[in-house]
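Structure file model-v1.txt (compact mmCIF, C-alpha atoms and all ligand atoms) is printed below.
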```txt
# COMPACT_ATOMS: atom_id res chain seq x y z
CA MET Y 1014 239.48 140.16 107.45
CA GLY Y 1015 239.01 137.90 104.50
CA ILE Y 1016 237.48 134.81 102.92
CA VAL Y 1017 239.80 131.82 103.22
CA VAL Y 1018 240.00 128.17 102.26
CA LEU Y 1019 239.54 126.26 105.52
CA GLY Y 1020 240.23 122.82 104.04
CA THR Y 1021 240.56 120.89 100.78
CA GLY Y 1022 239.82 117.33 99.65
CA SER Y 1023 239.65 115.22 96.52
CA CYS Y 1024 238.46 111.82 95.32
CA LEU Y 1025 239.44 109.87 92.21
CA PRO Y 1026 237.75 106.71 90.91
CA LYS Y 1027 239.66 103.47 91.52
CA ARG Y 1028 240.10 102.46 87.88
CA VAL Y 1029 243.10 103.95 86.07
CA MET Y 1030 243.12 103.93 82.25
CA SER Y 1031 246.54 104.33 80.61
CA ASN Y 1032 247.26 105.68 77.14
CA VAL Y 1033 248.15 102.13 76.10
CA ASP Y 1034 244.68 100.98 77.22
CA LEU Y 1035 243.23 103.59 74.83
CA GLU Y 1036 245.14 102.11 71.89
CA SER Y 1037 242.63 99.23 71.82
CA ILE Y 1038 239.65 101.64 71.80
CA VAL Y 1039 240.57 104.26 69.15
CA ASP Y 1040 243.29 104.81 66.54
CA THR Y 1041 245.82 106.51 68.82
CA ASN Y 1042 249.08 105.78 70.58
CA ASP Y 1043 250.86 106.54 73.85
CA GLU Y 1044 253.53 108.66 72.17
CA TRP Y 1045 251.00 110.96 70.42
CA ILE Y 1046 248.99 111.49 73.61
CA ARG Y 1047 252.08 112.17 75.77
CA THR Y 1048 253.72 114.61 73.38
CA ARG Y 1049 250.54 116.48 72.34
CA THR Y 1050 248.85 116.63 75.74
CA GLY Y 1051 251.23 115.55 78.55
CA ILE Y 1052 248.61 113.03 79.70
CA GLU Y 1053 249.82 109.57 80.78
CA SER Y 1054 246.70 108.20 82.46
CA ARG Y 1055 243.24 109.17 83.71
CA HIS Y 1056 240.76 107.76 86.24
CA ILE Y 1057 237.46 106.35 85.01
CA GLY Y 1058 234.36 106.06 87.19
CA GLY Y 1059 232.87 102.64 87.85
CA LYS Y 1060 229.86 101.24 89.70
CA ASP Y 1061 229.03 103.38 92.77
CA GLU Y 1062 231.34 106.17 91.56
CA GLN Y 1063 228.78 108.55 90.10
CA THR Y 1064 229.56 112.27 90.11
CA TYR Y 1065 227.73 112.90 93.41
CA ILE Y 1066 229.56 110.02 95.14
CA LEU Y 1067 233.00 111.32 94.10
CA ALA Y 1068 231.86 114.84 95.08
CA SER Y 1069 230.65 113.67 98.50
CA ARG Y 1070 233.87 111.81 99.33
CA ALA Y 1071 235.94 114.88 98.32
CA ALA Y 1072 233.64 117.10 100.40
CA GLU Y 1073 233.96 114.88 103.48
CA LYS Y 1074 237.77 115.08 103.29
CA ALA Y 1075 237.62 118.88 102.87
CA MET Y 1076 235.32 119.21 105.91
CA VAL Y 1077 237.65 117.06 108.06
CA ALA Y 1078 240.64 119.20 106.98
CA ALA Y 1079 238.63 122.36 107.71
CA GLU Y 1080 237.46 121.03 111.10
CA VAL Y 1081 233.92 121.84 110.06
CA THR Y 1082 230.96 119.50 110.64
CA PRO Y 1083 228.33 118.92 107.91
CA ASP Y 1084 225.65 120.79 109.87
CA GLN Y 1085 227.84 123.95 109.81
CA ILE Y 1086 227.73 124.13 106.00
CA GLY Y 1087 225.26 126.77 104.79
CA LEU Y 1088 225.64 126.45 101.03
CA ILE Y 1089 226.85 123.70 98.68
CA VAL Y 1090 227.75 124.64 95.11
CA VAL Y 1091 228.81 121.92 92.67
CA GLY Y 1092 230.42 122.85 89.37
CA THR Y 1093 229.63 120.00 87.00
CA ILE Y 1094 228.49 119.16 83.46
CA SER Y 1095 228.14 115.42 84.11
CA SER Y 1096 225.47 114.86 86.75
CA HIS Y 1097 224.03 111.33 86.80
CA MET Y 1098 220.56 112.92 86.64
CA GLN Y 1099 219.25 116.12 85.06
CA MET Y 1100 217.19 116.86 88.18
CA PRO Y 1101 217.69 116.97 91.16
CA SER Y 1102 221.09 118.59 91.05
CA THR Y 1103 224.29 116.79 92.04
CA ALA Y 1104 224.57 119.34 94.88
CA CYS Y 1105 221.25 118.12 96.35
CA PHE Y 1106 222.46 114.50 96.20
CA VAL Y 1107 225.69 115.60 97.93
CA GLN Y 1108 223.73 117.50 100.60
CA THR Y 1109 221.88 114.37 101.65
CA GLU Y 1110 224.88 112.03 101.18
CA ILE Y 1111 227.09 114.07 103.56
CA GLY Y 1112 224.25 115.02 105.94
CA ALA Y 1113 224.57 118.81 105.54
CA LYS Y 1114 221.05 119.32 106.83
CA ASN Y 1115 221.30 123.11 107.23
CA ALA Y 1116 222.58 123.78 103.70
CA PHE Y 1117 220.87 124.83 100.51
CA ALA Y 1118 222.45 123.36 97.41
CA TYR Y 1119 222.61 123.81 93.67
CA ASP Y 1120 224.76 123.05 90.61
CA LEU Y 1121 226.59 125.53 88.46
CA ASN Y 1122 227.28 124.94 84.76
CA ALA Y 1123 230.47 126.72 83.73
CA ALA Y 1124 232.25 123.67 82.28
CA CYS Y 1125 235.96 123.68 83.21
CA SER Y 1126 235.51 127.00 85.06
CA GLY Y 1127 232.87 125.51 87.38
CA PHE Y 1128 235.04 125.51 90.51
CA MET Y 1129 236.33 129.03 89.80
CA TYR Y 1130 232.83 130.47 89.36
CA GLY Y 1131 231.89 128.64 92.58
CA LEU Y 1132 234.87 130.19 94.37
CA ASP Y 1133 233.70 133.62 93.21
CA LEU Y 1134 230.24 132.86 94.52
CA ALA Y 1135 231.55 131.72 97.91
CA TYR Y 1136 233.64 134.90 98.08
CA LYS Y 1137 230.68 137.22 97.46
CA TYR Y 1138 228.29 135.20 99.61
CA ILE Y 1139 230.56 135.12 102.66
CA LEU Y 1140 231.35 138.84 102.24
CA ALA Y 1141 227.62 139.43 102.68
CA ASP Y 1142 227.26 136.97 105.58
CA HIS Y 1143 230.42 136.34 107.62
CA SER Y 1144 228.89 133.40 109.49
CA MET Y 1145 228.42 131.39 106.28
CA LYS Y 1146 230.55 128.33 105.46
CA VAL Y 1147 230.40 127.42 101.78
CA LEU Y 1148 231.37 124.07 100.30
CA VAL Y 1149 232.53 124.49 96.70
CA ILE Y 1150 233.00 121.29 94.71
CA GLY Y 1151 234.11 120.56 91.16
CA ALA Y 1152 233.05 117.04 90.17
CA GLU Y 1153 232.84 115.18 86.87
CA THR Y 1154 232.38 111.77 85.35
CA LEU Y 1155 233.03 112.94 81.79
CA SER Y 1156 233.70 109.33 80.76
CA SER Y 1157 229.88 109.15 80.56
CA ARG Y 1158 229.79 112.08 78.11
CA LEU Y 1159 232.53 111.04 75.69
CA ASP Y 1160 232.17 109.64 72.21
CA TRP Y 1161 234.60 106.75 72.64
CA ALA Y 1162 234.99 106.57 68.83
CA ASP Y 1163 236.25 110.18 68.63
CA ARG Y 1164 240.01 110.22 69.19
CA ASN Y 1165 240.02 114.03 69.22
CA THR Y 1166 238.26 114.06 72.58
CA CYS Y 1167 238.09 110.67 74.31
CA ILE Y 1168 241.81 110.58 75.10
CA LEU Y 1169 241.73 113.94 76.87
CA PHE Y 1170 239.27 113.69 79.72
CA GLY Y 1171 239.10 111.92 83.08
CA ASP Y 1172 236.80 111.57 86.09
CA GLY Y 1173 237.24 112.90 89.63
CA ALA Y 1174 236.20 115.46 92.21
CA GLY Y 1175 237.82 118.14 94.35
CA ALA Y 1176 236.34 120.29 97.11
CA ALA Y 1177 237.15 123.25 99.33
CA VAL Y 1178 235.39 124.71 102.36
CA PHE Y 1179 235.38 128.52 102.40
CA GLY Y 1180 234.83 130.62 105.51
CA PHE Y 1181 235.57 133.95 107.15
CA THR Y 1182 238.72 135.00 109.04
CA ASP Y 1183 239.53 138.13 111.06
CA ASP Y 1184 243.20 138.25 110.00
CA ASP Y 1185 244.71 139.73 106.83
CA ARG Y 1186 244.55 136.53 104.75
CA GLY Y 1187 241.90 135.62 102.19
CA ILE Y 1188 240.69 136.15 98.64
CA ILE Y 1189 242.27 139.31 97.23
CA GLY Y 1190 240.18 139.42 94.08
CA THR Y 1191 238.62 137.56 91.18
CA HIS Y 1192 238.16 138.36 87.50
CA MET Y 1193 235.61 136.20 85.67
CA LEU Y 1194 234.42 136.41 82.08
CA SER Y 1195 232.32 134.52 79.49
CA ASP Y 1196 231.79 134.63 75.72
CA GLY Y 1197 228.79 132.63 74.52
CA SER Y 1198 229.32 133.58 70.87
CA LEU Y 1199 232.04 130.93 70.47
CA TRP Y 1200 230.00 128.06 71.97
CA GLU Y 1201 230.35 125.85 68.90
CA LEU Y 1202 234.09 125.38 69.40
CA LEU Y 1203 233.47 123.36 72.59
CA HIS Y 1204 230.01 122.04 73.38
CA MET Y 1205 227.81 119.14 74.40
CA HIS Y 1206 224.19 118.70 73.31
CA GLY Y 1207 221.50 117.50 75.70
CA PRO Y 1208 218.98 114.74 75.07
CA GLU Y 1209 216.64 115.18 72.06
CA SER Y 1210 213.67 117.44 72.77
CA SER Y 1211 210.31 115.64 73.09
CA ASN Y 1212 208.68 118.82 71.78
CA PRO Y 1213 209.20 118.78 67.99
CA ASP Y 1214 209.05 122.59 67.89
CA LEU Y 1215 212.00 122.84 70.25
CA LYS Y 1216 214.32 120.35 68.58
CA VAL Y 1217 217.91 121.59 68.37
CA GLU Y 1218 219.39 121.41 64.89
CA ASN Y 1219 222.26 118.98 64.34
CA ASN Y 1220 221.99 117.43 67.79
CA THR Y 1221 224.87 114.95 67.63
CA GLY Y 1222 224.06 113.52 71.07
CA ALA Y 1223 225.15 114.35 74.61
CA PHE Y 1224 228.88 114.03 73.93
CA ILE Y 1225 231.70 116.56 74.16
CA ARG Y 1226 232.65 118.02 70.76
CA MET Y 1227 235.69 120.24 70.38
CA GLU Y 1228 237.71 122.12 67.77
CA GLY Y 1229 240.94 121.46 69.66
CA ARG Y 1230 243.31 123.81 67.82
CA GLU Y 1231 240.98 126.82 68.12
CA VAL Y 1232 240.18 126.11 71.77
CA PHE Y 1233 243.91 125.84 72.50
CA LYS Y 1234 244.57 129.38 71.19
CA HIS Y 1235 241.62 130.90 73.06
CA ALA Y 1236 242.58 129.09 76.30
CA VAL Y 1237 246.12 130.49 76.36
CA ARG Y 1238 245.05 134.03 75.51
CA ALA Y 1239 242.08 134.11 77.91
CA MET Y 1240 244.00 132.76 80.91
CA GLU Y 1241 246.90 135.12 80.26
CA ASP Y 1242 244.54 138.13 79.94
CA SER Y 1243 242.52 137.33 83.05
CA VAL Y 1244 245.64 136.85 85.18
CA ASN Y 1245 247.20 140.09 83.97
CA THR Y 1246 243.93 142.05 84.38
CA LEU Y 1247 243.43 140.76 87.92
CA LEU Y 1248 247.03 141.47 88.97
CA ALA Y 1249 246.95 144.98 87.44
CA SER Y 1250 243.65 145.77 89.19
CA LYS Y 1251 245.28 144.95 92.54
CA GLY Y 1252 248.55 146.77 91.81
CA LEU Y 1253 250.46 143.46 91.87
CA SER Y 1254 252.85 141.78 89.46
CA ILE Y 1255 253.50 138.14 88.62
CA ASP Y 1256 256.61 138.33 90.86
CA ASP Y 1257 254.30 138.68 93.88
CA ILE Y 1258 252.81 135.24 93.20
CA SER Y 1259 254.03 132.17 95.11
CA LEU Y 1260 252.16 129.45 93.17
CA ILE Y 1261 249.85 129.31 90.13
CA ILE Y 1262 247.23 126.54 90.03
CA PRO Y 1263 245.75 126.56 86.51
CA HIS Y 1264 243.09 124.40 84.89
CA GLN Y 1265 244.78 121.20 83.72
CA ALA Y 1266 243.79 120.62 80.08
CA ASN Y 1267 247.02 120.16 78.18
CA ILE Y 1268 250.67 120.48 79.22
CA ARG Y 1269 251.43 122.50 76.09
CA ILE Y 1270 248.82 125.11 77.12
CA LEU Y 1271 250.49 125.29 80.54
CA HIS Y 1272 253.97 125.64 79.02
CA LYS Y 1273 252.68 128.49 76.82
CA LEU Y 1274 251.21 130.13 79.92
CA VAL Y 1275 254.59 129.90 81.68
CA GLU Y 1276 256.16 131.57 78.64
CA ARG Y 1277 253.53 134.34 78.28
CA LEU Y 1278 253.35 135.15 82.00
CA LYS Y 1279 257.16 135.08 82.22
CA VAL Y 1280 257.24 132.87 85.32
CA THR Y 1281 259.64 130.09 86.23
CA PRO Y 1282 258.08 126.65 85.54
CA ASP Y 1283 258.34 125.67 89.23
CA LYS Y 1284 255.73 128.33 90.06
CA VAL Y 1285 253.07 126.54 88.00
CA PHE Y 1286 251.52 123.42 89.54
CA ILE Y 1287 250.98 120.66 86.94
CA ASN Y 1288 249.35 117.25 87.48
CA VAL Y 1289 247.62 116.73 84.11
CA SER Y 1290 249.79 113.64 83.44
CA LYS Y 1291 247.97 111.61 86.15
CA TYR Y 1292 244.36 112.70 85.67
CA GLY Y 1293 243.87 114.17 82.18
CA ASN Y 1294 241.37 116.99 81.88
CA THR Y 1295 238.79 116.58 84.66
CA SER Y 1296 236.92 119.76 83.68
CA ALA Y 1297 235.40 121.48 86.76
CA ALA Y 1298 237.27 119.08 89.05
CA SER Y 1299 240.73 119.89 87.71
CA ILE Y 1300 241.51 123.01 89.80
CA PRO Y 1301 240.23 121.68 93.16
CA ILE Y 1302 242.03 118.34 92.61
CA ALA Y 1303 245.23 120.24 91.77
CA LEU Y 1304 244.71 122.50 94.80
CA ASP Y 1305 244.28 119.48 97.08
CA ASP Y 1306 247.35 117.78 95.55
CA ALA Y 1307 249.48 120.92 96.03
CA ASN Y 1308 248.11 121.44 99.54
CA SER Y 1309 248.72 117.85 100.67
CA GLN Y 1310 252.24 117.94 99.19
CA GLY Y 1311 252.96 120.92 101.50
CA LEU Y 1312 253.52 123.30 98.58
CA ILE Y 1313 251.32 126.05 100.05
CA ALA Y 1314 252.29 127.88 103.26
CA GLU Y 1315 250.35 130.46 105.25
CA GLY Y 1316 250.76 133.89 103.69
CA ASP Y 1317 251.53 132.52 100.20
CA MET Y 1318 249.92 134.27 97.25
CA VAL Y 1319 248.10 131.52 95.31
CA LEU Y 1320 246.75 132.35 91.87
CA PHE Y 1321 244.14 130.28 89.99
CA CYS Y 1322 243.09 130.50 86.35
CA SER Y 1323 240.67 128.50 84.23
CA PHE Y 1324 239.21 128.21 80.76
CA GLY Y 1325 236.32 126.09 79.52
CA GLY Y 1326 233.23 125.58 77.39
CA GLY Y 1327 230.92 128.56 77.10
CA PHE Y 1328 233.48 130.02 76.73
CA THR Y 1329 234.01 130.66 80.44
CA TRP Y 1330 237.25 131.79 82.01
CA GLY Y 1331 238.75 133.72 84.87
CA ALA Y 1332 241.40 134.20 87.53
CA ALA Y 1333 241.34 134.36 91.32
CA LEU Y 1334 244.00 135.33 93.86
CA ILE Y 1335 244.13 134.17 97.49
CA LYS Y 1336 246.53 135.14 100.25
CA TRP Y 1337 246.65 131.71 101.89
O1 LIG R 1401 239.22 122.06 79.12
C1 LIG R 1401 238.65 122.89 78.14
C2 LIG R 1401 239.65 123.40 77.26
N1 LIG R 1401 240.18 122.39 76.37
C3 LIG R 1401 241.39 122.56 75.91
O2 LIG R 1401 242.04 123.48 76.33
C4 LIG R 1401 241.92 121.64 74.85
C5 LIG R 1401 242.66 122.46 73.83
N2 LIG R 1401 243.20 121.72 72.67
C6 LIG R 1401 244.19 120.80 72.78
O3 LIG R 1401 244.62 120.47 73.88
C7 LIG R 1401 244.79 120.24 71.51
O4 LIG R 1401 244.32 120.98 70.42
C8 LIG R 1401 244.49 118.72 71.28
C9 LIG R 1401 245.28 117.90 72.26
C10 LIG R 1401 242.99 118.47 71.45
C11 LIG R 1401 244.91 118.31 69.88
O5 LIG R 1401 246.29 118.61 69.67
P1 LIG R 1401 246.76 119.35 68.34
O6 LIG R 1401 248.22 119.44 68.41
O7 LIG R 1401 245.96 120.63 68.25
O8 LIG R 1401 246.38 118.32 67.23
P2 LIG R 1401 245.40 118.50 65.98
O9 LIG R 1401 243.97 118.49 66.42
O10 LIG R 1401 245.87 119.64 65.18
O11 LIG R 1401 245.67 117.17 65.19
C12 LIG R 1401 246.97 116.87 64.62
C13 LIG R 1401 246.92 115.51 63.98
C14 LIG R 1401 245.72 115.30 63.07
O12 LIG R 1401 246.16 114.49 61.97
P3 LIG R 1401 246.51 115.16 60.56
O13 LIG R 1401 245.24 115.83 60.12
O14 LIG R 1401 247.62 116.11 60.82
O15 LIG R 1401 246.88 113.97 59.72
C15 LIG R 1401 244.75 114.53 63.89
O16 LIG R 1401 243.88 113.75 63.12
O17 LIG R 1401 246.79 114.50 65.00
C16 LIG R 1401 245.68 113.66 64.70
N3 LIG R 1401 245.08 113.21 65.95
C17 LIG R 1401 245.48 112.12 66.62
N4 LIG R 1401 246.42 111.20 66.36
C18 LIG R 1401 246.59 110.21 67.26
C19 LIG R 1401 244.08 113.81 66.67
N5 LIG R 1401 243.83 113.11 67.78
C20 LIG R 1401 244.67 112.06 67.78
C21 LIG R 1401 244.89 110.99 68.66
N6 LIG R 1401 245.86 110.09 68.37
N7 LIG R 1401 244.19 110.85 69.80
```

Can I see the file as structure tokens?
Ligand code: UT7
Amino acid sequence: MGIVVLGTGSCLPKRVMSNVDLESIVDTNDEWIRTRTGIESRHIGGKDEQTYILASRAAEKAMVAAEVTPDQIGLIVVGTISSHMQMPSTACFVQTEIGAKNAFAYDLNAACSGFMYGLDLAYKYILADHSMKVLVIGAETLSSRLDWADRNTCILFGDGAGAAVFGFTDDDRGIIGTHMLSDGSLWELLHMHGPESSNPDLKVENNTGAFIRMEGREVFKHAVRAMEDSVNTLLASKGLSIDDISLIIPHQANIRILHKLVERLKVTPDKVFINVSKYGNTSAASIPIALDDANSQGLIAEGDMVLFCSFGGGFTWGAALIKW
């Protein structure tokens, strides 16, 4: 018995912004972006492509693939840091948009680890209630949270959504384990303020606005180390080695981080799925979009050992292993 992915889906905004397009916005160039990040283009949300709309379209595709109807979904969890409204949650907008009338729904803020923390939640929830079907979505329109004058960040991120339906199976497939961690003490290295407080006593010092701010070099080092550690800890706890893994689907932030991960984990590059060139860093959406890409390209077969790892603002990070 186990908790499996019944179906996956994704949705990207129509507009594609190339590195060359960015050259007219900030002092940057295609060559710098390609060599330092591996990114060639990203999708940018437009009218009627808010976070909940992208999330709902991805969810609908995942439900079709899973052969599950909206009324069978019991819980919707959306990992996001770019809801179009502070309240209600994106998950509640998704619930009504897709007609999941029997579900309860809420958002989860774990930045780029949003989908992974949601996966962990689905795992534990379905273990407690085998009849439950959980829709986990990672969805972002980070283009609405970027300082388009800051070349350190605005070239990195993109918009999109990915979703997976989790459910119970009687056979020997399913989630083998997860290993999630956080460290709030390093928040300043990657953060985003909220709107100014209307209570003068609760004003946050140095609120530079609701934009992503990042110390890229420092975050890079932490990302490599944290993903490597969580993967190794998870594998060791299950008595497995990296040679047992069929495919690794990591958070897509920077191709150089992924190359370092290949080196540190001592895997062949073909075992690590990479699509950062097309979408940039889509934060919580990056892993479920990559999962749906890999799945629709036929790269995952029944019985494969699929390993996920993420790192994001918080800091938040973790690894998860599924026998597909
Ligand atoms: O998803 C959450 C996790 N996020 C991440 O994992 C991101 C981690 N960090 C990174 O991916 C990389 O650190 C960046 C891609 C953000 C930056 O790459 P880097 O190799 O660490 O560059 P750097 O920040 O050290 O900057 C090198 C130079 C600087 O110029 P000087 O001081 O050497 O003259 C920057 O001002 O590159 C300059 N630079 C740029 N030049 C052209 C920074 N951004 C740009 C740009 N275009 N967009």

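The spacing separating atom O14 of ligand LIG 1401 (chain R) from atom CA of Y:Arg1164 amounts to 12.8 Å.
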
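Atom pair atom CA of Y:Gly1207 / atom C10 of ligand LIG 1401 (chain R) has a distance of 21.9 Å (rounded to one decimal).
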
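Pairwise distance (atom CA of Y:Pro1026, atom CA of Y:Tyr1292) equals 10.3 Å.
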
Near ligand LIG 1401 (chain R), 6 Å: chain Y residue rows, closest pairs, only C-alpha atoms and all ligand atoms, as JSON lines:
```
{"residue": "Y:Thr1041", "atom": "CA", "partner": "R:LIG1401", "partner_atom": "N6", "distance": 3.6}
{"residue": "Y:Asn1042", "atom": "CA", "partner": "R:LIG1401", "partner_atom": "N6", "distance": 5.8}
{"residue": "Y:Trp1045", "atom": "CA", "partner": "R:LIG1401", "partner_atom": "C18", "distance": 5.5}
{"residue": "Y:Arg1049", "atom": "CA", "partner": "R:LIG1401", "partner_atom": "O6", "distance": 5.4}
{"residue": "Y:Thr1050", "atom": "CA", "partner": "R:LIG1401", "partner_atom": "C9", "distance": 5.1}
{"residue": "Y:Cys1125", "atom": "CA", "partner": "R:LIG1401", "partner_atom": "O1", "distance": 5.5}
{"residue": "Y:Arg1164", "atom": "CA", "partner": "R:LIG1401", "partner_atom": "N7", "distance": 4.3}
{"residue": "Y:Asn1165", "atom": "CA", "partner": "R:LIG1401", "partner_atom": "N5", "distance": 4.2}
{"residue": "Y:Ile1168", "atom": "CA", "partner": "R:LIG1401", "partner_atom": "N7", "distance": 5.8}
{"residue": "Y:Gly1229", "atom": "CA", "partner": "R:LIG1401", "partner_atom": "O4", "distance": 3.5}
{"residue": "Y:Arg1230", "atom": "CA", "partner": "R:LIG1401", "partner_atom": "O4", "distance": 4.0}
{"residue": "Y:Val1232", "atom": "CA", "partner": "R:LIG1401", "partner_atom": "C5", "distance": 4.9}
{"residue": "Y:Phe1233", "atom": "CA", "partner": "R:LIG1401", "partner_atom": "C5", "distance": 3.8}
{"residue": "Y:Ala1236", "atom": "CA", "partner": "R:LIG1401", "partner_atom": "O2", "distance": 5.6}
{"residue": "Y:Ala1266", "atom": "CA", "partner": "R:LIG1401", "partner_atom": "O1", "distance": 4.9}
{"residue": "Y:Asn1267", "atom": "CA", "partner": "R:LIG1401", "partner_atom": "O3", "distance": 4.9}
{"residue": "Y:Ser1296", "atom": "CA", "partner": "R:LIG1401", "partner_atom": "O1", "distance": 5.6}
{"residue": "Y:Phe1324", "atom": "CA", "partner": "R:LIG1401", "partner_atom": "C1", "distance": 6.0}
{"residue": "Y:Gly1325", "atom": "CA", "partner": "R:LIG1401", "partner_atom": "C1", "distance": 4.2}
```

Pick out the residues sitting within 12 Å of stretch 1310-1314 of chain Y, and hand them over as a list in words; count only C-alpha atoms, and ignore anything fewer than 4 positions along from it in its own chain.
-> Val1018, Thr1021, Arg1186, Ile1258, Ser1259, Leu1260, Ile1261, Ile1262, Asp1283, Lys1284, Val1285, Phe1286, Ala1303, Leu1304, Asp1305, Asp1306, Met1318, Val1319, Leu1320, Ile1335, Lys1336 and Trp1337 of chain Y

Writing out the chosen residues with C-alpha atoms as a CSV table (one decimal), in the coordinates of the input:
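The resulting file, again.csv, is shown below:
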```csv
chain,number,residue,atom,x,y,z
Y,1018,VAL,CA,240.0,128.2,102.3
Y,1021,THR,CA,240.6,120.9,100.8
Y,1186,ARG,CA,244.6,136.5,104.8
Y,1258,ILE,CA,252.8,135.2,93.2
Y,1259,SER,CA,254.0,132.2,95.1
Y,1260,LEU,CA,252.2,129.4,93.2
Y,1261,ILE,CA,249.8,129.3,90.1
Y,1262,ILE,CA,247.2,126.5,90.0
Y,1283,ASP,CA,258.3,125.7,89.2
Y,1284,LYS,CA,255.7,128.3,90.1
Y,1285,VAL,CA,253.1,126.5,88.0
Y,1286,PHE,CA,251.5,123.4,89.5
Y,1303,ALA,CA,245.2,120.2,91.8
Y,1304,LEU,CA,244.7,122.5,94.8
Y,1305,ASP,CA,244.3,119.5,97.1
Y,1306,ASP,CA,247.4,117.8,95.6
Y,1318,MET,CA,249.9,134.3,97.2
Y,1319,VAL,CA,248.1,131.5,95.3
Y,1320,LEU,CA,246.8,132.4,91.9
Y,1335,ILE,CA,244.1,134.2,97.5
Y,1336,LYS,CA,246.5,135.1,100.2
Y,1337,TRP,CA,246.6,131.7,101.9
```

Y:Tyr1136 environment, 10 Å, only C-alpha atoms, sequence neighbours closer than 2 positions dropped, as an mmCIF file with C-alpha atoms, in the frame of the given file:
```cif
data_model
loop_
_atom_site.group_PDB
_atom_site.id
_atom_site.type_symbol
_atom_site.label_atom_id
_atom_site.label_comp_id
_atom_site.auth_asym_id
_atom_site.auth_seq_id
_atom_site.Cartn_x
_atom_site.Cartn_y
_atom_site.Cartn_z
ATOM 1 C CA GLY Y 1015 239.010 137.900 104.500
ATOM 2 C CA ILE Y 1016 237.480 134.810 102.920
ATOM 3 C CA VAL Y 1017 239.800 131.820 103.220
ATOM 4 C CA TYR Y 1130 232.830 130.470 89.360
ATOM 5 C CA GLY Y 1131 231.890 128.640 92.580
ATOM 6 C CA LEU Y 1132 234.870 130.190 94.370
ATOM 7 C CA ASP Y 1133 233.700 133.620 93.210
ATOM 8 C CA LEU Y 1134 230.240 132.860 94.520
ATOM 9 C CA TYR Y 1138 228.290 135.200 99.610
ATOM 10 C CA ILE Y 1139 230.560 135.120 102.660
ATOM 11 C CA LEU Y 1140 231.350 138.840 102.240
ATOM 12 C CA ALA Y 1141 227.620 139.430 102.680
ATOM 13 C CA VAL Y 1147 230.400 127.420 101.780
ATOM 14 C CA PHE Y 1179 235.380 128.520 102.400
ATOM 15 C CA GLY Y 1180 234.830 130.620 105.510
ATOM 16 C CA PHE Y 1181 235.570 133.950 107.150
ATOM 17 C CA GLY Y 1187 241.900 135.620 102.190
ATOM 18 C CA ILE Y 1188 240.690 136.150 98.640
ATOM 19 C CA ILE Y 1189 242.270 139.310 97.230
ATOM 20 C CA GLY Y 1190 240.180 139.420 94.080
ATOM 21 C CA THR Y 1191 238.620 137.560 91.180
#
```

Restricting the calculation to all atoms listed in the file, which member of Y:Thr1109, Y:Leu1067, Y:Leu1203, Y:Asn1288 is positioned closest to Y:Ala1307?
-> Y:Asn1288

Could you pull the residues within 8 Å of stretch 1027-1035 of chain Y, counting all atoms listed in the file, minus those fewer than 6 positions along the same chain, as a list in words?
-> Thr1041, Asn1042, Asp1043, Ile1046, Ile1052, Glu1053, Ser1054, Arg1055, His1056, Ile1057, Gly1058, Gly1059 and Ile1168 of chain Y

Serialized selection, C-alpha atoms, as an mmCIF file, in the coordinates of the input:
```
data_model
loop_
_atom_site.group_PDB
_atom_site.id
_atom_site.type_symbol
_atom_site.label_atom_id
_atom_site.label_comp_id
_atom_site.auth_asym_id
_atom_site.auth_seq_id
_atom_site.Cartn_x
_atom_site.Cartn_y
_atom_site.Cartn_z
ATOM 1 C CA THR Y 1041 245.820 106.510 68.820
ATOM 2 C CA ASN Y 1042 249.080 105.780 70.580
ATOM 3 C CA ASP Y 1043 250.860 106.540 73.850
ATOM 4 C CA ILE Y 1046 248.990 111.490 73.610
ATOM 5 C CA ILE Y 1052 248.610 113.030 79.700
ATOM 6 C CA GLU Y 1053 249.820 109.570 80.780
ATOM 7 C CA SER Y 1054 246.700 108.200 82.460
ATOM 8 C CA ARG Y 1055 243.240 109.170 83.710
ATOM 9 C CA HIS Y 1056 240.760 107.760 86.240
ATOM 10 C CA ILE Y 1057 237.460 106.350 85.010
ATOM 11 C CA GLY Y 1058 234.360 106.060 87.190
ATOM 12 C CA GLY Y 1059 232.870 102.640 87.850
ATOM 13 C CA ILE Y 1168 241.810 110.580 75.100
#
```

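Remark: for Y:Val1244, the closest of the candidate residues Y:Leu1169, Y:Ala1068, Y:Met1205, Y:Leu1194 is Y:Leu1194 (distances computed over all atoms listed in the file).
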
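Residues lying within 7 Å of Y:Lys1146, counting all atoms listed in the file and ignoring same-chain neighbours fewer than 3 positions away, are Gln1085, Ile1086, Gly1087, Leu1088, Val1178, Phe1179 and Gly1180 of chain Y.
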
Would you list the contacts of Y:Leu1159 as a PyMOL selection string, taking every protein, DNA or RNA residue within 12 Å and counting all atoms listed in the file, but skipping same-chain residues closer than 5 positions in sequence?
-> chain Y and resi 1057+1094-1095+1153-1154+1164-1172+1204-1206+1221-1227
